[in-house]
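Source file: structure-v2.cif (mmCIF, C-alpha atoms)
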```cif
data_my_file
#
loop_
_atom_site.group_PDB
_atom_site.id
_atom_site.type_symbol
_atom_site.label_atom_id
_atom_site.label_comp_id
_atom_site.auth_asym_id
_atom_site.auth_seq_id
_atom_site.Cartn_x
_atom_site.Cartn_y
_atom_site.Cartn_z
ATOM 1 C CA MET A 6 69.117 28.904 67.680
ATOM 2 C CA SER A 7 69.668 28.139 64.025
ATOM 3 C CA SER A 8 71.009 24.839 62.758
ATOM 4 C CA SER A 9 74.268 26.579 61.897
ATOM 5 C CA SER A 10 74.887 27.784 65.422
ATOM 6 C CA LEU A 11 75.521 26.223 68.803
ATOM 7 C CA ALA A 12 74.303 27.595 72.130
ATOM 8 C CA VAL A 13 76.685 26.992 75.014
ATOM 9 C CA ILE A 14 77.003 28.015 78.627
ATOM 10 C CA PRO A 15 80.515 28.987 79.710
ATOM 11 C CA LEU A 16 81.530 27.790 83.164
ATOM 12 C CA LYS A 17 84.641 28.051 85.247
ATOM 13 C CA VAL A 18 86.293 25.469 87.477
ATOM 14 C CA HIS A 19 89.102 27.013 89.482
ATOM 15 C CA ASP A 20 90.925 29.068 86.813
ATOM 16 C CA THR A 21 89.783 27.139 83.752
ATOM 17 C CA TRP A 22 86.892 28.172 81.532
ATOM 18 C CA MET A 23 85.048 25.542 79.533
ATOM 19 C CA ALA A 24 81.542 25.281 78.099
ATOM 20 C CA ILE A 25 78.671 22.838 77.830
ATOM 21 C CA GLU A 26 75.741 22.791 75.437
ATOM 22 C CA ALA A 27 72.984 25.012 76.765
ATOM 23 C CA SER A 28 70.260 22.631 75.602
ATOM 24 C CA ALA A 29 71.113 20.229 78.440
ATOM 25 C CA VAL A 30 70.878 22.818 81.190
ATOM 26 C CA GLN A 31 67.718 22.756 83.291
ATOM 27 C CA GLU A 32 68.576 25.190 86.030
ATOM 28 C CA ILE A 33 71.458 27.033 87.627
ATOM 29 C CA LEU A 34 71.487 26.883 91.402
ATOM 30 C CA GLY A 35 73.550 28.770 93.907
ATOM 31 C CA ALA A 36 75.966 27.207 96.342
ATOM 32 C CA GLN A 37 74.710 23.896 97.628
ATOM 33 C CA ALA A 38 76.165 21.341 99.992
ATOM 34 C CA TRP A 39 76.333 17.867 98.515
ATOM 35 C CA VAL A 40 76.253 14.482 100.203
ATOM 36 C CA PRO A 41 79.246 12.218 99.567
ATOM 37 C CA ILE A 42 78.265 8.609 98.915
ATOM 38 C CA PRO A 43 80.655 6.005 100.351
ATOM 39 C CA GLY A 44 82.183 3.913 97.600
ATOM 40 C CA ALA A 45 81.018 6.191 94.785
ATOM 41 C CA ALA A 46 83.285 6.888 91.833
ATOM 42 C CA ALA A 47 85.392 10.017 92.182
ATOM 43 C CA GLN A 48 83.803 11.460 89.052
ATOM 44 C CA LEU A 49 80.285 11.049 90.497
ATOM 45 C CA PRO A 50 81.103 11.361 94.179
ATOM 46 C CA GLY A 51 77.740 12.157 95.681
ATOM 47 C CA VAL A 52 74.231 13.494 95.376
ATOM 48 C CA VAL A 53 72.226 16.656 95.926
ATOM 49 C CA PRO A 54 68.489 17.055 96.397
ATOM 50 C CA TRP A 55 66.674 18.541 93.417
ATOM 51 C CA ARG A 56 62.914 18.714 92.976
ATOM 52 C CA GLY A 57 62.214 15.911 95.418
ATOM 53 C CA ARG A 58 64.817 13.491 94.159
ATOM 54 C CA ALA A 59 68.506 12.763 94.499
ATOM 55 C CA ILE A 60 70.640 13.621 91.488
ATOM 56 C CA ALA A 61 74.272 12.769 90.905
ATOM 57 C CA VAL A 62 77.057 15.281 91.392
ATOM 58 C CA LEU A 63 79.400 15.390 88.406
ATOM 59 C CA ASP A 64 82.929 16.533 89.214
ATOM 60 C CA ILE A 65 83.568 18.168 85.866
ATOM 61 C CA GLY A 66 86.974 19.439 86.907
ATOM 62 C CA LEU A 67 88.207 15.939 87.630
ATOM 63 C CA VAL A 68 86.459 14.430 84.605
ATOM 64 C CA THR A 69 88.044 16.885 82.192
ATOM 65 C CA GLY A 70 91.414 16.749 83.896
ATOM 66 C CA VAL A 71 91.643 20.403 84.886
ATOM 67 C CA ALA A 72 91.408 19.939 88.651
ATOM 68 C CA GLU A 73 91.779 17.457 91.430
ATOM 69 C CA GLY A 74 88.685 15.844 92.858
ATOM 70 C CA LEU A 75 86.081 17.720 94.869
ATOM 71 C CA ARG A 76 86.700 17.606 98.570
ATOM 72 C CA SER A 77 83.777 16.233 100.534
ATOM 73 C CA ASP A 78 83.349 19.592 102.265
ATOM 74 C CA GLU A 79 83.881 21.691 99.148
ATOM 75 C CA VAL A 80 80.938 23.851 98.127
ATOM 76 C CA ARG A 81 81.209 25.857 94.912
ATOM 77 C CA ARG A 82 79.310 29.058 94.163
ATOM 78 C CA ARG A 83 77.129 27.663 91.411
ATOM 79 C CA ASN A 84 75.577 24.295 90.557
ATOM 80 C CA ILE A 85 74.452 23.630 87.013
ATOM 81 C CA VAL A 86 71.641 21.084 86.764
ATOM 82 C CA ALA A 87 71.801 19.296 83.432
ATOM 83 C CA ASP A 88 69.646 16.625 81.832
ATOM 84 C CA VAL A 89 71.779 14.421 79.638
ATOM 85 C CA GLU A 90 69.678 11.736 77.990
ATOM 86 C CA GLY A 91 67.603 11.373 81.127
ATOM 87 C CA ALA A 92 70.547 11.351 83.502
ATOM 88 C CA MET A 93 70.211 14.353 85.801
ATOM 89 C CA LEU A 94 73.480 15.844 86.940
ATOM 90 C CA ALA A 95 74.446 18.612 89.332
ATOM 91 C CA ILE A 96 77.717 20.201 88.254
ATOM 92 C CA PRO A 97 79.412 22.330 90.922
ATOM 93 C CA VAL A 98 81.396 25.176 89.373
ATOM 94 C CA HIS A 99 83.011 28.404 90.465
ATOM 95 C CA ALA A 100 81.325 30.671 87.910
ATOM 96 C CA VAL A 101 78.793 30.581 85.085
ATOM 97 C CA ARG A 102 78.206 33.062 82.277
ATOM 98 C CA GLU A 103 75.149 33.726 80.151
ATOM 99 C CA VAL A 104 74.331 31.582 77.138
ATOM 100 C CA ARG A 105 76.489 32.271 74.070
ATOM 101 C CA GLU A 106 75.347 31.593 70.534
ATOM 102 C CA LEU A 107 78.302 30.359 68.536
ATOM 103 C CA ALA A 108 78.354 30.472 64.758
ATOM 104 C CA ALA A 109 79.310 27.131 63.292
ATOM 105 C CA GLU A 110 82.478 28.523 61.752
ATOM 106 C CA THR A 111 83.737 29.574 65.201
ATOM 107 C CA VAL A 112 83.646 26.004 66.533
ATOM 108 C CA GLY A 113 86.381 23.581 65.609
ATOM 109 C CA ALA A 114 88.486 20.692 66.730
ATOM 110 C CA PRO A 115 90.620 21.384 69.814
ATOM 111 C CA ALA A 116 93.865 23.122 68.941
ATOM 112 C CA LEU A 117 94.503 25.289 71.974
ATOM 113 C CA THR A 118 92.816 23.221 74.682
ATOM 114 C CA SER A 119 93.385 19.635 75.727
ATOM 115 C CA GLN A 120 90.613 18.712 78.103
ATOM 116 C CA ARG A 121 89.183 15.234 78.229
ATOM 117 C CA TYR A 122 85.693 14.746 76.773
ATOM 118 C CA ALA A 123 86.058 17.883 74.671
ATOM 119 C CA ALA A 124 86.006 17.225 70.947
ATOM 120 C CA ARG A 125 85.346 20.869 70.099
ATOM 121 C CA GLU A 126 86.594 24.257 71.131
ATOM 122 C CA THR A 127 85.808 27.895 70.464
ATOM 123 C CA ILE A 128 86.947 31.346 71.458
ATOM 124 C CA ILE A 129 84.872 33.195 74.054
ATOM 125 C CA ASP A 130 85.891 36.649 75.258
ATOM 126 C CA GLY A 131 89.258 36.157 73.616
ATOM 127 C CA ARG A 132 89.901 32.881 75.447
ATOM 128 C CA PRO A 133 90.090 29.407 73.948
ATOM 129 C CA VAL A 134 87.326 27.365 75.591
ATOM 130 C CA ALA A 135 86.831 23.618 75.351
ATOM 131 C CA ILE A 136 83.249 22.468 74.757
ATOM 132 C CA VAL A 137 82.686 19.450 76.973
ATOM 133 C CA ASP A 138 80.613 16.646 75.490
ATOM 134 C CA LEU A 139 78.334 15.687 78.379
ATOM 135 C CA HIS A 140 76.821 12.880 76.308
ATOM 136 C CA ALA A 141 80.215 11.205 76.125
ATOM 137 C CA VAL A 142 80.721 11.727 79.845
ATOM 138 C CA VAL A 143 77.363 10.184 80.693
ATOM 139 C CA ALA A 144 77.852 7.301 78.279
ATOM 140 C CA GLU A 145 81.054 6.364 80.049
ATOM 141 C CA LEU A 146 80.163 7.102 83.659
ATOM 142 C CA VAL A 147 76.452 6.396 83.824
ATOM 143 C CA GLY A 148 75.748 4.107 80.907
ATOM 144 C CA GLY A 149 73.004 4.259 78.309
ATOM 145 C CA ALA A 150 69.911 6.385 78.166
ATOM 146 C CA ALA A 151 67.497 6.334 81.068
ATOM 147 C CA PRO A 152 64.627 3.878 80.820
ATOM 148 C CA MET B 24 60.889 -1.398 102.084
ATOM 149 C CA THR B 25 61.365 -4.077 104.699
ATOM 150 C CA MET B 26 60.893 -3.334 108.359
ATOM 151 C CA ARG B 27 63.863 -4.518 110.392
ATOM 152 C CA THR B 28 64.136 -5.165 114.060
ATOM 153 C CA PHE B 29 67.167 -4.275 116.060
ATOM 154 C CA VAL B 30 68.397 -4.198 119.591
ATOM 155 C CA VAL B 31 70.837 -1.666 120.929
ATOM 156 C CA VAL B 32 73.007 -2.629 123.864
ATOM 157 C CA ALA B 33 76.048 -1.149 125.528
ATOM 158 C CA LYS B 34 79.200 -2.526 123.931
ATOM 159 C CA GLN B 35 80.362 -3.999 127.191
ATOM 160 C CA ALA B 36 77.049 -5.836 127.594
ATOM 161 C CA GLN B 37 77.248 -7.481 124.220
ATOM 162 C CA GLY B 38 77.613 -11.253 124.559
ATOM 163 C CA GLY B 39 77.468 -14.031 122.018
ATOM 164 C CA ASP B 40 78.504 -13.149 118.477
ATOM 165 C CA VAL B 41 81.577 -11.045 117.984
ATOM 166 C CA ALA B 42 80.567 -7.581 116.912
ATOM 167 C CA ILE B 43 81.888 -6.182 113.649
ATOM 168 C CA PRO B 44 83.102 -2.582 113.675
ATOM 169 C CA ALA B 45 80.749 -0.691 111.398
ATOM 170 C CA GLU B 46 83.542 1.083 109.573
ATOM 171 C CA ARG B 47 84.915 -2.281 108.557
ATOM 172 C CA VAL B 48 81.624 -3.217 106.931
ATOM 173 C CA ALA B 49 81.062 0.005 105.060
ATOM 174 C CA ALA B 50 82.919 3.228 104.682
ATOM 175 C CA ALA B 51 79.816 5.181 105.686
ATOM 176 C CA ALA B 52 80.523 4.735 109.328
ATOM 177 C CA PRO B 53 83.260 6.992 110.621
ATOM 178 C CA ALA B 54 86.049 5.188 112.374
ATOM 179 C CA GLY B 55 86.089 5.814 116.069
ATOM 180 C CA THR B 56 85.637 4.310 119.430
ATOM 181 C CA ALA B 57 82.648 2.019 119.350
ATOM 182 C CA THR B 58 80.199 2.731 122.093
ATOM 183 C CA ARG B 59 77.200 0.644 121.113
ATOM 184 C CA ALA B 60 76.488 -2.708 119.605
ATOM 185 C CA LEU B 61 73.619 -2.865 117.167
ATOM 186 C CA ARG B 62 72.096 -6.302 116.712
ATOM 187 C CA LEU B 63 70.563 -6.644 113.267
ATOM 188 C CA VAL B 64 68.108 -9.293 112.141
ATOM 189 C CA LEU B 65 68.574 -10.261 108.508
ATOM 190 C CA SER B 66 65.804 -11.380 106.215
ATOM 191 C CA ASP B 67 66.898 -15.022 106.522
ATOM 192 C CA GLY B 68 66.523 -14.822 110.284
ATOM 193 C CA GLY B 69 70.242 -14.629 110.867
ATOM 194 C CA GLU B 70 71.674 -12.035 113.151
ATOM 195 C CA ARG B 71 74.697 -9.818 112.929
ATOM 196 C CA VAL B 72 76.052 -7.435 115.467
ATOM 197 C CA VAL B 73 77.735 -4.220 114.492
ATOM 198 C CA GLU B 74 79.697 -1.883 116.713
ATOM 199 C CA VAL B 75 78.869 1.726 116.121
ATOM 200 C CA SER B 76 80.273 4.954 117.420
ATOM 201 C CA GLY B 77 78.240 7.862 118.659
ATOM 202 C CA ALA B 78 74.701 7.981 119.827
ATOM 203 C CA LEU B 79 71.880 5.967 118.364
ATOM 204 C CA ALA B 80 68.409 7.343 118.004
ATOM 205 C CA VAL B 81 65.263 6.357 116.236
ATOM 206 C CA ARG B 82 64.319 8.878 113.589
ATOM 207 C CA ALA B 83 61.058 8.504 111.751
ATOM 208 C CA ALA B 84 61.021 9.330 108.069
ATOM 209 C CA ASP B 85 58.089 9.239 105.727
ATOM 210 C CA VAL B 86 58.611 6.598 103.055
ATOM 211 C CA SER B 87 57.886 9.208 100.401
ATOM 212 C CA SER B 88 60.884 11.212 101.604
ATOM 213 C CA VAL B 89 63.321 8.398 100.803
ATOM 214 C CA CYS B 90 65.060 9.262 97.535
ATOM 215 C CA ALA B 91 66.608 6.506 95.452
ATOM 216 C CA LEU B 92 70.213 7.012 94.468
ATOM 217 C CA PRO B 93 70.661 7.968 90.814
ATOM 218 C CA ARG B 94 72.224 5.802 88.141
ATOM 219 C CA GLY B 95 75.984 5.987 88.143
ATOM 220 C CA VAL B 96 75.995 6.288 91.916
ATOM 221 C CA ALA B 97 73.636 3.524 93.029
ATOM 222 C CA GLU B 98 75.674 0.808 91.341
ATOM 223 C CA ARG B 99 78.624 1.593 93.611
ATOM 224 C CA ALA B 100 76.574 1.679 96.804
ATOM 225 C CA ARG B 101 74.060 -1.134 96.523
ATOM 226 C CA TRP B 102 73.774 -1.382 100.279
ATOM 227 C CA ILE B 103 72.131 2.042 100.359
ATOM 228 C CA GLU B 104 68.413 1.785 99.615
ATOM 229 C CA GLY B 105 67.974 5.505 99.553
ATOM 230 C CA ILE B 106 68.705 8.806 101.185
ATOM 231 C CA VAL B 107 66.561 11.139 103.240
ATOM 232 C CA PHE B 108 67.646 14.726 102.872
ATOM 233 C CA GLY B 109 67.125 16.599 106.099
ATOM 234 C CA ALA B 110 65.654 20.014 106.520
ATOM 235 C CA ASP B 111 68.079 22.916 106.746
ATOM 236 C CA GLY B 112 71.010 21.950 108.878
ATOM 237 C CA GLU B 113 69.785 18.428 109.486
ATOM 238 C CA ARG B 114 72.171 15.680 108.486
ATOM 239 C CA PRO B 115 70.980 13.406 105.694
ATOM 240 C CA LEU B 116 70.179 9.800 106.517
ATOM 241 C CA PHE B 117 71.229 6.800 104.507
ATOM 242 C CA VAL B 118 68.586 4.082 104.470
ATOM 243 C CA VAL B 119 70.622 0.898 104.562
ATOM 244 C CA ASP B 120 69.680 -2.466 103.123
ATOM 245 C CA VAL B 121 70.973 -4.585 105.956
ATOM 246 C CA ASP B 122 71.279 -7.784 103.934
ATOM 247 C CA ARG B 123 73.330 -6.104 101.219
ATOM 248 C CA TRP B 124 75.345 -4.179 103.753
ATOM 249 C CA MET B 125 76.452 -7.346 105.454
ATOM 250 C CA CYS B 126 77.344 -8.948 102.151
ATOM 251 C CA SER B 127 79.281 -5.980 100.750
#
```
As C-alpha cells, what does this structure read like?
Amino acid sequence: MSSSSLAVIPLKVHDTWMAIEASAVQEILGAQAWVPIPGAAAQLPGVVPWRGRAIAVLDIGLVTGVAEGLRSDEVRRRNIVADVEGAMLAIPVHAVREVRELAAETVGAPALTSQRYAARETIIDGRPVAIVDLHAVVAELVGGAAP
Amino acid sequence: MTMRTFVVVAKQAQGGDVAIPAERVAAAAPAGTATRALRLVLSDGGERVVEVSGALAVRAADVSSVCALPRGVAERARWIEGIVFGADGERPLFVVDVDRWMCS
C-alpha cells in the first residue's frame, strides 16, 4: 500500500455496505455464536472466544446507525476480528469482500452517506460506501489505548 | 481467585434470612420460579441467600480457562470475574465475584 492509497475491507450489515481500514483486521471468522453480557452497553453487548481470550463484540450496525441492535440469539455469517489500538473487537456482519486499495483522490468527505463514525466515503462497485473510523469508535466506547 | 463456600437447600427448607431472587440482584439470572436457595458466604464473613431457578451443579473449571472480560465490557459488569467458554454446545459459565454481585 502506498502512502497515497488506503486499503479497506468492505462489509455489509443487513442491506448497507460500509468499509473499515484493512490494517486493523486480524482475521475473518465464519458464523459464531456470541455470549451476551448482562448490563453491557448495547454497542458492545457481549463477547466471543478468540485465541484463548474473550474479546468484545462490536455492534457496528447499531454504532453507525444503520440497524437496530443485535438480538442476543442473532448470529451473522461473518465475524471480523479487528485490533484497534490494542482493543480486540469481533464485528458480526452479513458479508465481507476482499481488500480494496483506494487511491487517495477517490476518498473524500461524506456526501452521499450519513453514517455515524464515518468521516470519509468512497465509491466501491458503483456504490457510495462510508469508511467507518474504528479508532473513533474505540475512543468513545472503550477508552484510550490498551496498557 | 477466592474460593467461596456455599450451601444449597430446597427453597422451602430455607430458614433465617430472607432469600433474594437472583434475577433481582443481577440480570444474568433468568426470571422464573425459584427452586433452590443458595447461601453465599462473603469475604467479610457475612452471608446472603439467593433464590435461583433451575438445577444447581458443581462444575469444575481450570483457572487457566477463565477469561477476563475485555475493556469496554468489564466496566459494565464488575460482578463478573470472568467467563469460561464451554466446548461445542456447552453453555458458557460466568464466574461471579460474590461480594461485587451483592453490592451491584
Proximity of chain A to chain B: per-residue shortest pair, 8 Å limit, only C-alpha atoms, as CSV:
```
residue,atom,partner,partner_atom,distance
A:Val40,CA,B:Pro115,CA,7.7
A:Ile42,CA,B:Ala100,CA,7.4
A:Pro43,CA,B:Ala51,CA,5.5
A:Gly44,CA,B:Arg99,CA,5.8
A:Ala45,CA,B:Arg99,CA,5.3
A:Ala46,CA,B:Arg99,CA,7.3
A:Leu49,CA,B:Val96,CA,6.6
A:Pro50,CA,B:Val96,CA,7.5
A:Gly51,CA,B:Val96,CA,7.2
A:Val52,CA,B:Leu92,CA,7.7
A:Pro54,CA,B:Phe108,CA,6.9
A:Gly57,CA,B:Cys90,CA,7.5
A:Arg58,CA,B:Cys90,CA,5.4
A:Ala59,CA,B:Cys90,CA,5.8
A:Ile60,CA,B:Pro93,CA,5.7
A:Ala61,CA,B:Pro93,CA,6.0
A:Ala92,CA,B:Arg94,CA,7.4
A:Leu146,CA,B:Gly95,CA,6.2
A:Val147,CA,B:Gly95,CA,4.4
A:Gly148,CA,B:Gly95,CA,7.5
```
Practice task
Kindly indicate which residue among A:Glu26, A:Glu73, A:Glu90, A:Asp78 lies nearest to Trp39 (chain A), using all atoms listed in the file for the distances.
Solution key: A:Asp78
Exercise for the section: Identify, on the basis of all atoms listed in the file, every residue whose closest approach to Gly91 (chain A) does not exceed 12 Å; exclude the query and any residue fewer than 2 positions from it along the same chain; express the result as a list of chain:residue names. Expected result: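 Counting all atoms listed in the file, the residues come to A:Ala29, A:Val30, A:Gln31, A:Ile60, A:Ala61, A:Val86, A:Ala87, A:Asp88, A:Val89, A:Met93, A:Leu94, A:Leu139, A:His140, A:Val143, A:Ala144, A:Val147, A:Gly148, A:Gly149, A:Ala150, A:Ala151, A:Pro152, B:Pro93, B:Arg94.
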Exercise for the section: Mind giving me the straight-line distance from CA of Glu103 (chain A) to CA of Ile129 (chain A) in Å, one decimal? Expected result: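 CA of Glu103 (chain A) sits 11.5 Å away from CA of Ile129 (chain A).
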Exercise for the section: Give me the result of the PyMOL selection byres ((chain A and resi 105-118) around 7) on this file, residue by residue, as a list in words. Expected result: Ser9, Ser10, Leu11, Ala12, Val13, Ile14, Glu103, Val104, Ser119, Gln120, Ala124, Arg125, Glu126, Thr127, Pro133, Val134 and Ala135 of chain A
Handout entry: Residue contacts of Gly66 (chain A) (9 Å, all atoms listed in the file) excluding same-chain residues fewer than 5 positions away, as a list in words
Key =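 Skipping anything fewer than 5 positions along the chain leaves Val18, His19, Thr21, Gln48, Val71, Ala72, Glu73, Gly74, Leu75 and Val98 of chain A.
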Problem - Two-atom distance - CA of Glu113 (chain B), CA of Arg59 (chain B) (Å) - result: 22.5 Å
Calculate, to one decimal in Å, the centre and edge lengths of the box along x, y and z of the file that holds all listed atoms of region 102-118 of chain A with 4 Å of margin on each side, and present them as JSON.
```
{"center_x": 84.4, "center_y": 27.2, "center_z": 72.0, "size_x": 28.2, "size_y": 21.0, "size_z": 28.5}
```
Completion exercise
As a check of understanding: the span from CA of Leu63 (chain B) to CA of Asp85 (chain B) is 21.6 Å
Exercise for the section: Name all residues at most 10 Å from Arg83 (chain A) (count only C-alpha atoms; drop same-chain ones fewer than 4 positions away) and give them as a PyMOL selection string. Expected result: chain A and resi 16-17+33-37+95-101
Exercise for the section: Show which residues sit within 6 Å of Trp102 (chain B), as a PyMOL selection string. Count only C-alpha atoms, and ignore same-chain residues fewer than 3 positions away. Expected result: chain B and resi 119-120+123-124
